[in-house]
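Novice: What follows is coords07.pdb, PDB, C-alpha atoms.
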MODEL        1
ATOM      1  CA  MET A   1       1.999 -17.851  11.594
ATOM      2  CA  HIS A   2       0.783 -21.424  11.632
ATOM      3  CA  GLU A   3       2.293 -22.383  14.951
ATOM      4  CA  LEU A   4      -1.081 -22.361  16.703
ATOM      5  CA  GLY A   5      -2.616 -24.911  14.372
ATOM      6  CA  VAL A   6       0.413 -27.134  14.721
ATOM      7  CA  LEU A   7       0.438 -26.762  18.507
ATOM      8  CA  LEU A   8      -3.185 -27.864  18.628
ATOM      9  CA  GLU A   9      -2.109 -31.002  16.763
ATOM     10  CA  VAL A  10       0.668 -31.510  19.333
ATOM     11  CA  VAL A  11      -1.854 -31.174  22.163
ATOM     12  CA  LYS A  12      -4.101 -33.750  20.489
ATOM     13  CA  GLN A  13      -1.254 -36.246  20.238
ATOM     14  CA  VAL A  14      -0.024 -35.630  23.784
ATOM     15  CA  GLU A  15      -3.541 -36.167  25.100
ATOM     16  CA  THR A  16      -3.617 -39.576  23.441
ATOM     17  CA  ILE A  17      -0.217 -40.433  24.909
ATOM     18  CA  ALA A  18      -1.292 -39.220  28.352
ATOM     19  CA  LEU A  19      -4.373 -41.379  28.218
ATOM     20  CA  GLU A  20      -2.335 -44.437  27.220
ATOM     21  CA  ASN A  21       0.065 -43.842  30.093
ATOM     22  CA  GLU A  22      -2.628 -42.955  32.605
ATOM     23  CA  VAL A  23      -1.209 -39.520  33.184
ATOM     24  CA  ASN A  24      -3.491 -36.749  34.433
ATOM     25  CA  GLN A  25      -1.119 -33.870  34.636
ATOM     26  CA  ILE A  26       2.004 -32.948  32.768
ATOM     27  CA  GLU A  27       4.830 -30.883  34.167
ATOM     28  CA  THR A  28       6.943 -30.386  31.060
ATOM     29  CA  LEU A  29       6.638 -31.028  27.351
ATOM     30  CA  VAL A  30       9.843 -31.288  25.342
ATOM     31  CA  LEU A  31       9.695 -30.593  21.622
ATOM     32  CA  GLN A  32      12.518 -30.981  19.135
ATOM     33  CA  VAL A  33      12.346 -28.345  16.474
ATOM     34  CA  GLY A  34      14.546 -28.402  13.395
ATOM     35  CA  GLU A  35      15.911 -25.071  12.200
ATOM     36  CA  LEU A  36      14.447 -25.762   8.769
ATOM     37  CA  CYS A  37      11.040 -27.094   9.755
ATOM     38  CA  SER A  38       9.403 -23.664   9.408
ATOM     39  CA  MET A  39       8.243 -23.468  13.020
ATOM     40  CA  VAL A  40       9.424 -20.386  14.844
ATOM     41  CA  PRO A  41      10.342 -21.322  18.444
ATOM     42  CA  LYS A  42       9.508 -17.834  19.688
ATOM     43  CA  TYR A  43       5.932 -18.132  18.420
ATOM     44  CA  LEU A  44       5.591 -21.671  19.734
ATOM     45  CA  THR A  45       6.474 -20.397  23.199
ATOM     46  CA  LYS A  46       4.178 -17.432  22.921
ATOM     47  CA  LEU A  47       1.154 -19.390  21.730
ATOM     48  CA  TYR A  48       1.698 -22.372  23.991
ATOM     49  CA  PRO A  49      -0.469 -21.161  26.923
ATOM     50  CA  ALA A  50      -3.388 -20.546  24.562
ATOM     51  CA  ALA A  51      -3.058 -23.952  22.894
ATOM     52  CA  VAL A  52      -2.930 -25.950  26.123
ATOM     53  CA  GLU A  53      -5.690 -24.208  28.027
ATOM     54  CA  GLY A  54      -8.158 -26.682  29.479
ATOM     55  CA  THR A  55      -6.112 -29.726  28.423
ATOM     56  CA  VAL A  56      -3.856 -32.198  30.179
ATOM     57  CA  LEU A  57      -1.009 -29.826  29.313
ATOM     58  CA  ALA A  58      -2.526 -26.846  31.142
ATOM     59  CA  ASP A  59       0.063 -25.121  33.360
ATOM     60  CA  SER A  60       2.877 -27.226  31.917
ATOM     61  CA  LYS A  61       6.243 -25.911  30.837
ATOM     62  CA  LEU A  62       7.337 -26.013  27.214
ATOM     63  CA  GLU A  63      10.962 -26.845  26.475
ATOM     64  CA  ILE A  64      12.294 -26.580  22.970
ATOM     65  CA  GLU A  65      15.439 -28.269  21.702
ATOM     66  CA  ILE A  66      16.718 -26.863  18.452
ATOM     67  CA  ILE A  67      18.110 -29.257  15.881
ATOM     68  CA  PRO A  68      20.584 -27.574  13.510
ATOM     69  CA  GLY A  69      19.834 -27.469   9.797
ATOM     70  CA  ASN A  70      22.906 -29.265   8.490
ATOM     71  CA  GLY A  71      23.811 -30.521   5.059
ATOM     72  CA  ARG A  72      26.694 -32.471   3.549
ATOM     73  CA  CYS A  73      28.256 -31.060   0.402
ATOM     74  CA  LYS A  74      27.966 -33.563  -2.433
ATOM     75  CA  GLN A  75      31.164 -32.211  -4.020
ATOM     76  CA  CYS A  76      33.642 -32.230  -1.139
ATOM     77  CA  GLY A  77      31.827 -33.987   1.701
ATOM     78  CA  GLN A  78      32.011 -31.035   4.073
ATOM     79  CA  VAL A  79      29.217 -30.880   6.672
ATOM     80  CA  TYR A  80      27.972 -27.351   7.236
ATOM     81  CA  ASN A  81      25.073 -25.353   8.640
ATOM     82  CA  LEU A  82      22.704 -24.474   5.822
ATOM     83  CA  ILE A  83      21.358 -21.330   7.425
ATOM     84  CA  ASP A  84      24.690 -19.799   8.406
ATOM     85  CA  ASN A  85      26.051 -20.471   4.937
ATOM     86  CA  LYS A  86      22.859 -19.639   3.030
ATOM     87  CA  GLY A  87      22.834 -23.152   1.589
ATOM     88  CA  ALA A  88      26.221 -22.956  -0.155
ATOM     89  CA  CYS A  89      29.210 -25.046   0.954
ATOM     90  CA  PRO A  90      31.795 -22.821   2.677
ATOM     91  CA  GLU A  91      34.584 -24.732   0.878
ATOM     92  CA  CYS A  92      33.353 -25.106  -2.721
ATOM     93  CA  LYS A  93      30.748 -22.305  -2.592
ATOM     94  CA  VAL A  94      28.347 -24.604  -4.451
ATOM     95  CA  MET A  95      24.780 -25.290  -3.409
ATOM     96  CA  ASP A  96      24.727 -29.036  -3.911
ATOM     97  CA  PHE A  97      24.017 -30.821  -0.672
ATOM     98  CA  GLU A  98      22.346 -33.746   0.959
ATOM     99  CA  MET A  99      20.167 -32.722   3.869
ATOM    100  CA  LEU A 100      21.290 -34.261   7.152
ATOM    101  CA  SER A 101      19.049 -32.639   9.734
ATOM    102  CA  GLY A 102      16.845 -29.686  10.484
ATOM    103  CA  LYS A 103      13.408 -30.716   9.176
ATOM    104  CA  GLU A 104      12.415 -32.505  12.385
ATOM    105  CA  PHE A 105       9.424 -31.559  14.429
ATOM    106  CA  PHE A 106       9.168 -34.105  17.214
ATOM    107  CA  ILE A 107       7.440 -34.550  20.511
ATOM    108  CA  LYS A 108      10.543 -35.776  22.326
ATOM    109  CA  GLU A 109       9.210 -36.533  25.767
ATOM    110  CA  ILE A 110       6.837 -35.475  28.481
ATOM    111  CA  VAL A 111       7.551 -35.164  32.157
ATOM    112  CA  ALA A 112       4.429 -36.281  33.967
ATOM    113  CA  CYS A 113       3.416 -35.585  37.551
ATOM    114  CA  GLU A 114       3.006 -38.826  39.466
TER     115      GLU A 114
ATOM    116  CA  MET B   1       9.625 -41.938  45.428
ATOM    117  CA  ASP B   2      10.165 -40.099  42.202
ATOM    118  CA  LYS B   3       7.769 -37.273  41.902
ATOM    119  CA  PHE B   4       8.052 -37.073  38.162
ATOM    120  CA  LYS B   5       8.001 -39.653  35.461
ATOM    121  CA  VAL B   6       9.623 -39.011  32.114
ATOM    122  CA  ILE B   7       7.829 -40.578  29.180
ATOM    123  CA  GLU B   8      10.012 -40.768  26.098
ATOM    124  CA  ILE B   9       7.993 -40.367  22.941
ATOM    125  CA  LYS B  10      10.122 -39.219  19.998
ATOM    126  CA  GLN B  11       7.132 -38.996  17.712
ATOM    127  CA  SER B  12       6.936 -36.829  14.651
ATOM    128  CA  VAL B  13       4.059 -34.404  15.069
ATOM    129  CA  PHE B  14       3.041 -34.829  11.470
ATOM    130  CA  GLU B  15       3.102 -38.617  11.605
ATOM    131  CA  ASP B  16      -0.538 -39.044  12.648
ATOM    132  CA  ASN B  17      -1.787 -36.899   9.841
ATOM    133  CA  ASP B  18       0.612 -38.453   7.320
ATOM    134  CA  ALA B  19      -0.699 -41.925   8.100
ATOM    135  CA  ASP B  20      -4.279 -40.718   7.863
ATOM    136  CA  ALA B  21      -3.546 -38.976   4.561
ATOM    137  CA  ASN B  22      -2.100 -42.181   3.105
ATOM    138  CA  ARG B  23      -5.227 -44.064   4.125
ATOM    139  CA  LEU B  24      -7.449 -41.473   2.468
ATOM    140  CA  ARG B  25      -5.345 -41.569  -0.717
ATOM    141  CA  GLU B  26      -5.776 -45.333  -0.877
ATOM    142  CA  GLU B  27      -9.550 -45.100  -0.253
ATOM    143  CA  LEU B  28      -9.940 -42.552  -3.038
ATOM    144  CA  LYS B  29      -8.000 -44.753  -5.427
ATOM    145  CA  GLN B  30     -10.311 -47.666  -4.650
ATOM    146  CA  GLU B  31     -13.298 -45.492  -5.399
ATOM    147  CA  ASN B  32     -11.843 -44.030  -8.592
ATOM    148  CA  THR B  33     -11.900 -40.480  -7.365
ATOM    149  CA  TYR B  34      -9.035 -38.154  -8.162
ATOM    150  CA  LEU B  35      -8.325 -35.478  -5.568
ATOM    151  CA  LEU B  36      -6.365 -32.394  -6.530
ATOM    152  CA  ASN B  37      -5.184 -30.140  -3.727
ATOM    153  CA  LEU B  38      -4.880 -26.608  -5.067
ATOM    154  CA  MET B  39      -2.879 -24.145  -2.999
ATOM    155  CA  SER B  40      -1.715 -20.554  -3.273
ATOM    156  CA  SER B  41      -1.544 -17.286  -1.411
ATOM    157  CA  PRO B  42      -4.654 -15.073  -1.228
ATOM    158  CA  GLY B  43      -5.376 -13.133  -4.394
ATOM    159  CA  SER B  44      -3.359 -15.297  -6.777
ATOM    160  CA  GLY B  45      -6.421 -16.094  -8.880
ATOM    161  CA  LYS B  46      -7.288 -19.525  -7.517
ATOM    162  CA  THR B  47     -11.025 -19.153  -7.903
ATOM    163  CA  THR B  48     -10.780 -17.664 -11.407
ATOM    164  CA  THR B  49      -8.397 -20.429 -12.483
ATOM    165  CA  LEU B  50     -10.705 -23.005 -10.999
ATOM    166  CA  THR B  51     -13.719 -21.608 -12.828
ATOM    167  CA  LYS B  52     -11.840 -21.824 -16.158
ATOM    168  CA  THR B  53     -10.638 -25.319 -15.363
ATOM    169  CA  ILE B  54     -14.117 -26.572 -14.518
ATOM    170  CA  ASN B  55     -15.592 -25.041 -17.650
ATOM    171  CA  GLU B  56     -12.976 -26.854 -19.767
ATOM    172  CA  LEU B  57     -13.473 -30.228 -18.135
ATOM    173  CA  LYS B  58     -17.075 -30.356 -16.983
ATOM    174  CA  ASP B  59     -18.332 -32.199 -20.052
ATOM    175  CA  GLU B  60     -15.828 -35.002 -19.518
ATOM    176  CA  PHE B  61     -15.825 -35.514 -15.770
ATOM    177  CA  ARG B  62     -18.173 -35.136 -12.877
ATOM    178  CA  ILE B  63     -16.429 -32.476 -10.831
ATOM    179  CA  GLY B  64     -16.768 -31.643  -7.183
ATOM    180  CA  VAL B  65     -15.146 -28.697  -5.438
ATOM    181  CA  MET B  66     -14.341 -28.243  -1.784
ATOM    182  CA  GLU B  67     -13.783 -24.644  -0.811
ATOM    183  CA  ALA B  68     -11.727 -24.374   2.347
ATOM    184  CA  ASP B  69     -11.898 -21.033   4.036
ATOM    185  CA  ILE B  70     -11.496 -19.757   7.520
ATOM    186  CA  ASP B  71     -14.904 -18.183   7.102
ATOM    187  CA  SER B  72     -17.375 -16.951   4.429
ATOM    188  CA  ASP B  73     -18.637 -18.669   1.299
ATOM    189  CA  VAL B  74     -18.035 -16.105  -1.439
ATOM    190  CA  ASP B  75     -15.787 -18.479  -3.406
ATOM    191  CA  ALA B  76     -18.295 -21.303  -3.145
ATOM    192  CA  GLN B  77     -20.951 -19.070  -4.673
ATOM    193  CA  THR B  78     -18.690 -18.128  -7.590
ATOM    194  CA  ILE B  79     -17.756 -21.731  -8.269
ATOM    195  CA  SER B  80     -21.300 -23.062  -8.031
ATOM    196  CA  SER B  81     -22.232 -20.865 -10.998
ATOM    197  CA  THR B  82     -20.177 -23.284 -13.159
ATOM    198  CA  GLY B  83     -22.576 -26.070 -12.302
ATOM    199  CA  ALA B  84     -19.982 -28.074 -10.364
ATOM    200  CA  LYS B  85     -21.002 -29.562  -7.066
ATOM    201  CA  VAL B  86     -19.532 -27.325  -4.373
ATOM    202  CA  ILE B  87     -19.241 -27.632  -0.654
ATOM    203  CA  GLN B  88     -17.792 -25.113   1.722
ATOM    204  CA  LEU B  89     -15.445 -26.262   4.455
ATOM    205  CA  HIS B  90     -14.871 -23.889   7.313
ATOM    206  CA  THR B  91     -11.622 -24.483   9.120
ATOM    207  CA  GLY B  92     -12.785 -22.449  12.088
ATOM    208  CA  GLY B  93      -9.743 -20.233  12.394
ATOM    209  CA  MET B  94      -7.204 -22.861  11.397
ATOM    210  CA  CYS B  95      -4.834 -21.939   8.628
ATOM    211  CA  HIS B  96      -4.772 -25.334   6.957
ATOM    212  CA  LEU B  97      -6.811 -28.418   6.227
ATOM    213  CA  ASP B  98      -5.736 -31.844   7.427
ATOM    214  CA  ALA B  99      -6.545 -35.300   6.100
ATOM    215  CA  ASP B 100      -9.435 -35.811   8.477
ATOM    216  CA  MET B 101     -11.161 -32.564   7.525
ATOM    217  CA  THR B 102     -10.632 -33.469   3.872
ATOM    218  CA  ARG B 103     -12.191 -36.885   4.410
ATOM    219  CA  GLN B 104     -15.279 -35.308   5.958
ATOM    220  CA  GLY B 105     -15.630 -32.993   2.973
ATOM    221  CA  ILE B 106     -15.266 -35.860   0.518
ATOM    222  CA  LYS B 107     -17.909 -37.817   2.386
ATOM    223  CA  GLU B 108     -20.290 -34.915   2.032
ATOM    224  CA  LEU B 109     -19.635 -34.699  -1.718
ATOM    225  CA  GLY B 110     -20.002 -38.464  -2.088
ATOM    226  CA  THR B 111     -17.315 -40.234  -4.158
ATOM    227  CA  GLU B 112     -19.945 -42.112  -6.165
ATOM    228  CA  ASN B 113     -21.017 -38.798  -7.675
ATOM    229  CA  VAL B 114     -17.625 -37.380  -8.667
ATOM    230  CA  ASP B 115     -14.567 -38.360 -10.725
ATOM    231  CA  LEU B 116     -12.499 -35.306  -9.926
ATOM    232  CA  VAL B 117     -12.513 -33.401  -6.666
ATOM    233  CA  ILE B 118     -10.633 -30.142  -6.447
ATOM    234  CA  LEU B 119      -9.805 -28.912  -3.005
ATOM    235  CA  GLU B 120      -9.297 -25.163  -2.925
ATOM    236  CA  ASN B 121      -7.119 -24.992   0.154
ATOM    237  CA  VAL B 122      -6.812 -22.016   2.500
ATOM    238  CA  GLY B 123      -4.967 -19.130   0.835
ATOM    239  CA  ASN B 124      -1.543 -19.434   2.407
ATOM    240  CA  LEU B 125       1.870 -20.695   1.261
ATOM    241  CA  VAL B 126       3.049 -22.010   4.617
ATOM    242  CA  CYS B 127       0.609 -24.127   6.599
ATOM    243  CA  PRO B 128      -1.141 -26.089   3.853
ATOM    244  CA  ALA B 129       2.306 -27.358   2.801
ATOM    245  CA  GLU B 130       2.868 -28.885   6.228
ATOM    246  CA  PHE B 131      -0.254 -31.021   6.229
ATOM    247  CA  ASP B 132      -0.804 -33.795   3.727
ATOM    248  CA  THR B 133      -4.502 -33.752   2.818
ATOM    249  CA  GLY B 134      -4.492 -37.199   1.246
ATOM    250  CA  SER B 135      -4.722 -35.697  -2.236
ATOM    251  CA  THR B 136      -3.720 -37.640  -5.331
ATOM    252  CA  LYS B 137      -1.646 -34.681  -6.525
ATOM    253  CA  ASN B 138      -0.778 -31.169  -5.340
ATOM    254  CA  ALA B 139      -0.844 -28.061  -7.490
ATOM    255  CA  MET B 140      -0.070 -24.470  -6.611
ATOM    256  CA  ILE B 141      -0.605 -21.112  -8.190
ATOM    257  CA  LEU B 142       1.914 -18.306  -7.967
ATOM    258  CA  SER B 143       0.856 -15.072  -9.598
ATOM    259  CA  VAL B 144       3.168 -12.608 -11.307
ATOM    260  CA  PRO B 145       2.595  -9.683  -8.880
ATOM    261  CA  GLU B 146       3.755 -11.866  -5.972
ATOM    262  CA  GLY B 147       7.295 -12.031  -7.358
ATOM    263  CA  ASP B 148       9.664 -14.695  -8.669
ATOM    264  CA  ASP B 149      11.462 -14.980  -5.330
ATOM    265  CA  LYS B 150       8.676 -16.973  -3.695
ATOM    266  CA  PRO B 151      10.349 -20.394  -4.172
ATOM    267  CA  LEU B 152      13.189 -19.041  -2.045
ATOM    268  CA  LYS B 153      10.821 -17.828   0.649
ATOM    269  CA  TYR B 154       8.409 -20.747   0.819
ATOM    270  CA  PRO B 155      10.584 -23.717  -0.161
ATOM    271  CA  LEU B 156       8.388 -26.404   1.380
ATOM    272  CA  MET B 157       5.347 -25.458  -0.682
ATOM    273  CA  PHE B 158       7.333 -25.648  -3.915
ATOM    274  CA  SER B 159       8.932 -28.925  -2.950
ATOM    275  CA  ILE B 160       5.645 -30.771  -2.327
ATOM    276  CA  CYS B 161       3.785 -29.603  -5.454
ATOM    277  CA  ASP B 162       3.544 -31.603  -8.664
ATOM    278  CA  VAL B 163       2.480 -28.603 -10.709
ATOM    279  CA  LEU B 164       3.229 -24.908 -10.467
ATOM    280  CA  LEU B 165       0.891 -22.612 -12.365
ATOM    281  CA  ILE B 166       2.360 -19.162 -12.877
ATOM    282  CA  ASN B 167      -0.765 -17.038 -13.214
ATOM    283  CA  LYS B 168      -1.459 -13.505 -14.485
ATOM    284  CA  ILE B 169       1.148 -13.651 -17.258
ATOM    285  CA  ASP B 170      -0.980 -11.078 -19.100
ATOM    286  CA  VAL B 171       0.492  -8.422 -16.774
ATOM    287  CA  LEU B 172       4.119  -9.618 -17.016
ATOM    288  CA  GLU B 173       5.328  -6.401 -18.612
ATOM    289  CA  TYR B 174       4.403  -4.350 -15.559
ATOM    290  CA  PHE B 175       6.334  -6.466 -13.083
ATOM    291  CA  ASP B 176       9.924  -7.608 -12.561
ATOM    292  CA  PHE B 177       8.978 -11.237 -12.779
ATOM    293  CA  ASN B 178      11.326 -13.587 -14.555
ATOM    294  CA  ILE B 179       9.553 -16.837 -15.476
ATOM    295  CA  ASP B 180      12.794 -18.661 -16.290
ATOM    296  CA  LEU B 181      14.401 -17.644 -13.026
ATOM    297  CA  CYS B 182      11.303 -18.633 -11.068
ATOM    298  CA  THR B 183      11.193 -22.008 -12.851
ATOM    299  CA  GLN B 184      14.878 -22.538 -12.143
ATOM    300  CA  ARG B 185      14.365 -21.762  -8.457
ATOM    301  CA  ALA B 186      11.379 -24.089  -8.202
ATOM    302  CA  LYS B 187      13.176 -26.925 -10.027
ATOM    303  CA  LYS B 188      16.138 -26.627  -7.719
ATOM    304  CA  LEU B 189      13.822 -27.507  -4.842
ATOM    305  CA  ASN B 190      11.818 -30.012  -6.809
ATOM    306  CA  PRO B 191      13.282 -31.261 -10.113
ATOM    307  CA  ASN B 192      10.004 -33.005 -11.063
ATOM    308  CA  ILE B 193       7.718 -29.987 -10.711
ATOM    309  CA  LYS B 194       5.826 -29.132 -13.892
ATOM    310  CA  VAL B 195       5.672 -25.397 -14.516
ATOM    311  CA  ILE B 196       2.842 -23.987 -16.636
ATOM    312  CA  PRO B 197       2.523 -20.221 -17.220
ATOM    313  CA  ILE B 198      -1.128 -19.222 -17.549
ATOM    314  CA  SER B 199      -3.479 -16.293 -17.538
ATOM    315  CA  ALA B 200      -6.797 -17.273 -16.036
ATOM    316  CA  ARG B 201      -8.158 -13.958 -17.277
ATOM    317  CA  THR B 202      -7.263 -14.283 -20.980
ATOM    318  CA  GLY B 203      -7.217 -18.084 -21.062
ATOM    319  CA  GLU B 204      -3.605 -18.305 -22.229
ATOM    320  CA  GLY B 205      -1.931 -21.563 -21.164
ATOM    321  CA  ILE B 206      -5.125 -22.957 -19.656
ATOM    322  CA  SER B 207      -5.378 -25.767 -22.206
ATOM    323  CA  GLU B 208      -1.894 -27.040 -21.344
ATOM    324  CA  TRP B 209      -2.969 -27.168 -17.729
ATOM    325  CA  THR B 210      -6.310 -28.852 -18.392
ATOM    326  CA  ASP B 211      -4.592 -31.354 -20.727
ATOM    327  CA  TRP B 212      -2.305 -32.344 -17.881
ATOM    328  CA  LEU B 213      -5.195 -32.646 -15.453
ATOM    329  CA  ARG B 214      -7.349 -34.575 -17.935
ATOM    330  CA  ASN B 215      -4.594 -37.167 -18.442
ATOM    331  CA  GLN B 216      -4.076 -37.433 -14.724
ATOM    332  CA  VAL B 217      -7.732 -38.049 -13.981
ATOM    333  CA  LYS B 218      -8.075 -40.542 -16.834
ATOM    334  CA  GLU B 219      -5.015 -42.463 -15.656
ATOM    335  CA  GLY B 220      -6.184 -42.355 -12.081
ATOM    336  CA  VAL B 221      -9.787 -43.192 -12.740
ATOM    337  CA  LYS B 222      -9.361 -45.985 -15.285
TER     338      LYS B 222
ENDMDL
END
Represent the structure contained in this file as structure tokens.
Specialist:
Amino acid sequence: MHELGVLLEVVKQVETIALENEVNQIETLVLQVGELCSMVPKYLTKLYPAAVEGTVLADSKLEIEIIPGNGRCKQCGQVYNLIDNKGACPECKVMDFEMLSGKEFFIKEIVACE
Amino acid sequence: MDKFKVIEIKQSVFEDNDADANRLREELKQENTYLLNLMSSPGSGKTTTLTKTINELKDEFRIGVMEADIDSDVDAQTISSTGAKVIQLHTGGMCHLDADMTRQGIKELGTENVDLVILENVGNLVCPAEFDTGSTKNAMILSVPEGDDKPLKYPLMFSICDVLLINKIDVLEYFDFNIDLCTQRAKKLNPNIKVIPISARTGEGISEWTDWLRNQVKEGVK
């Protein structure tokens, strides 16, 4: 359960961005979370109020966009979801892929109160 | 008359720390200090392995150790009995160490006094893997009782490490731990990972490990 530590890092970065943009209050924070980035969205949501207390993000909403963990099979070129297929290509049944997406952990945008 | 303003950012959360870690790595190189980040889960024998390692290498290098713990300094006390310079870093509840915390620790040790710094990271296979500390190389310990399935469960840790020490091989016969299978699983994630089976208790395999580290430090320092 390392989501809290990571959220504190997010808060730190958002505070810098808020300062640069002269924003005092934030309404919504949008994060993009890859399925394979080892962050559990449920925990992020749960810990969010604790992480943002007393910061520019206090009372803001957290929105999470999930990015699928997809790979392309190096044998047949098929693109498939790595989690649903446990890593193995549904066509060739081989685990030999190039990672396309799913490791992302991005601050996508913030909606600031004017 | 918009009440809200959307600020598009699209910034990787780990980017800040990654940039800082790269700066620290460069600084250490300039100052001829080699930083090894040692990671594992709690109870894998990190401190015992470290004690053996220091005893093997202390005549050749000036060694400093940074003990990262959420609290307490029991490990620091054990390590200081080897004569190495030890400092305790408290993460204050955080489950990992980032590049900035590492830099502060290094400053306290003083690079002019050490050739090799070993960072004993917080005992945990998840969070420390997410944060680059700025180390020259990463090593991890997996002990036999933990099971050979750990590369499957904590893939990121295995993919960022340069060396995997499989510890407690003296108790192999009591556990269903298959070294070959574990190696295979780790190499699938990270073809360049060097796997060294050791027993910190009996000393088996330790020289292979210290040989690797010695060469690394010599290459890095010279």
Novice: Quick one: of B:Pro145, B:Pro197, B:Gly220, B:Gly123, who's nearest to Leu165 (chain B), counting all atoms listed in the file?
Specialist: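 Using all atoms listed in the file, the shortest distance to Leu165 (chain B) belongs to B:Pro197.
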Novice: If we count only C-alpha atoms, what is near region 30-46 of chain A at a cut-off of 10 Å, once residues fewer than 5 positions away on the same chain are taken out, given as a PyMOL selection string?
Specialist: (chain A and resi 1-4+6-7+10+51+61-70+81-83+101-111) or (chain B and resi 8-13+126-127+130+154-156)
Novice: Interatomic distance between CA of Gly83 (chain B) and CA of Glu60 (chain B)?
Specialist: 13.3 Å
Novice: Could you spell out the hits of the PyMOL selection byres ((chain B and resi 208) around 12) on the shown file, as an MDAnalysis selection string?
Specialist: chainID B and resid 53 56 163 165 194:199 203:207 209:215
Novice: Excluding same-chain residues fewer than 5 positions from Glu120 (chain B), what lies within 7 Å of it counting all atoms listed in the file, as a PyMOL selection string?
Specialist: chain B and resi 37-39+66-68
Novice: Would you list the contacts of Thr16 (chain A) as a list in words, taking every protein, DNA or RNA residue within 12 Å and counting only C-alpha atoms, but skipping same-chain residues closer than 5 positions in sequence?
Specialist: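 Near neighbours after the sequence-gap exclusion: Glu9, Val10, Val11, Asn21, Glu22, Val23, Asn24, Thr55, Val56 and Leu57 of chain A; Ile9 and Asp16 of chain B.
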Novice: Could you save the residues just selected, with C-alpha atoms, as a CSV table (one decimal), in the frame of the given file?
Specialist:
chain,number,residue,atom,x,y,z
A,9,GLU,CA,-2.1,-31.0,16.8
A,10,VAL,CA,0.7,-31.5,19.3
A,11,VAL,CA,-1.9,-31.2,22.2
A,21,ASN,CA,0.1,-43.8,30.1
A,22,GLU,CA,-2.6,-43.0,32.6
A,23,VAL,CA,-1.2,-39.5,33.2
A,24,ASN,CA,-3.5,-36.7,34.4
A,55,THR,CA,-6.1,-29.7,28.4
A,56,VAL,CA,-3.9,-32.2,30.2
A,57,LEU,CA,-1.0,-29.8,29.3
B,9,ILE,CA,8.0,-40.4,22.9
B,16,ASP,CA,-0.5,-39.0,12.6
Novice: For the file shown, what are the residues hit by the PyMOL selection byres ((chain B and resi 133-143) around 8), laid out as a VMD selection string?
Specialist: chain B and resid 20 to 25 34 to 41 44 to 46 97 to 100 102 131 to 132 144 to 147 158 160 to 169
Novice: Which one of A:Asp84, A:Gly54, A:Lys12, A:Lys93 sits closest to chain B if you count all atoms listed in the file?
Specialist: A:Lys12
Novice: Could you work out how far CA of Gly64 (chain B) lies from CA of Leu89 (chain B), giving the answer in Å with one decimal?
Specialist: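 Value for the CA of Leu89 (chain B)-CA of Gly64 (chain B) distance: 12.9 Å.
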Novice: For the file shown, report as a ChimeraX atom specification the outcome of the PyMOL selection byres ((chain B and resi 152) around 10) at residue level.
Specialist: /B:148-151,153-156,158,182,185-186,188-189
Novice: Work out how far CA of Ala84 (chain B) is from CA of Asn55 (chain B), in Å to one decimal.
Specialist: 9.0 Å
Novice: For a cut-off of 8 Å around (34.2, -27.3, -2.3), file coordinates, pick out all residues using all atoms listed in the file and list them as a count of residues only.
Specialist: 10
Novice: Leaving out Asp59 (chain A) and any residue of its chain fewer than 6 positions from it, which residues lie within 8 Å of it when counting only C-alpha atoms, given as an mmCIF file with C-alpha atoms, in the frame of the given file?
Specialist:
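Result file part11.cif:
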data_model
loop_
_atom_site.group_PDB
_atom_site.id
_atom_site.type_symbol
_atom_site.label_atom_id
_atom_site.label_comp_id
_atom_site.auth_asym_id
_atom_site.auth_seq_id
_atom_site.Cartn_x
_atom_site.Cartn_y
_atom_site.Cartn_z
ATOM 1 C CA GLU A 27 4.830 -30.883 34.167
ATOM 2 C CA PRO A 49 -0.469 -21.161 26.923
ATOM 3 C CA VAL A 52 -2.930 -25.950 26.123
ATOM 4 C CA GLU A 53 -5.690 -24.208 28.027
#
Novice: Could you name the residues that touch Lys74 (chain A) at 7 Å or less, counting all atoms listed in the file, but leaving out those on the same chain fewer than 2 positions away, as a CSV table (one decimal) with C-alpha atoms, in the coordinates of the input?
Specialist:
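Written output follows (around-v4.csv):
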chain,number,residue,atom,x,y,z
A,72,ARG,CA,26.7,-32.5,3.5
A,76,CYS,CA,33.6,-32.2,-1.1
A,77,GLY,CA,31.8,-34.0,1.7
A,96,ASP,CA,24.7,-29.0,-3.9
A,97,PHE,CA,24.0,-30.8,-0.7
A,98,GLU,CA,22.3,-33.7,1.0
Novice: Identify which of the residues A:Leu100, A:Ile26, A:Ala58, A:Ala88 lies closest to chain B, counting all atoms listed in the file when measuring atom-to-atom distances.
Specialist: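 Closest residue, counting all atoms listed in the file: A:Ile26.
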Novice: Output as lines of an AutoDock Vina configuration file the centre and edge lengths (Å, one decimal) of the box along x, y and z of the file that holds every listed atom of region 195-203 of chain B after adding 4 Å on each side.
Specialist:
center_x = -1.2
center_y = -19.7
center_z = -17.8
size_x = 21.8
size_y = 19.4
size_z = 14.5
Novice: Which residue is closest to chain B? Choose from A:Gly71, A:Cys113, A:Val14, A:Leu19 and count only C-alpha atoms.
Specialist: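 The shortest atom-to-atom distance to chain B comes from A:Cys113.
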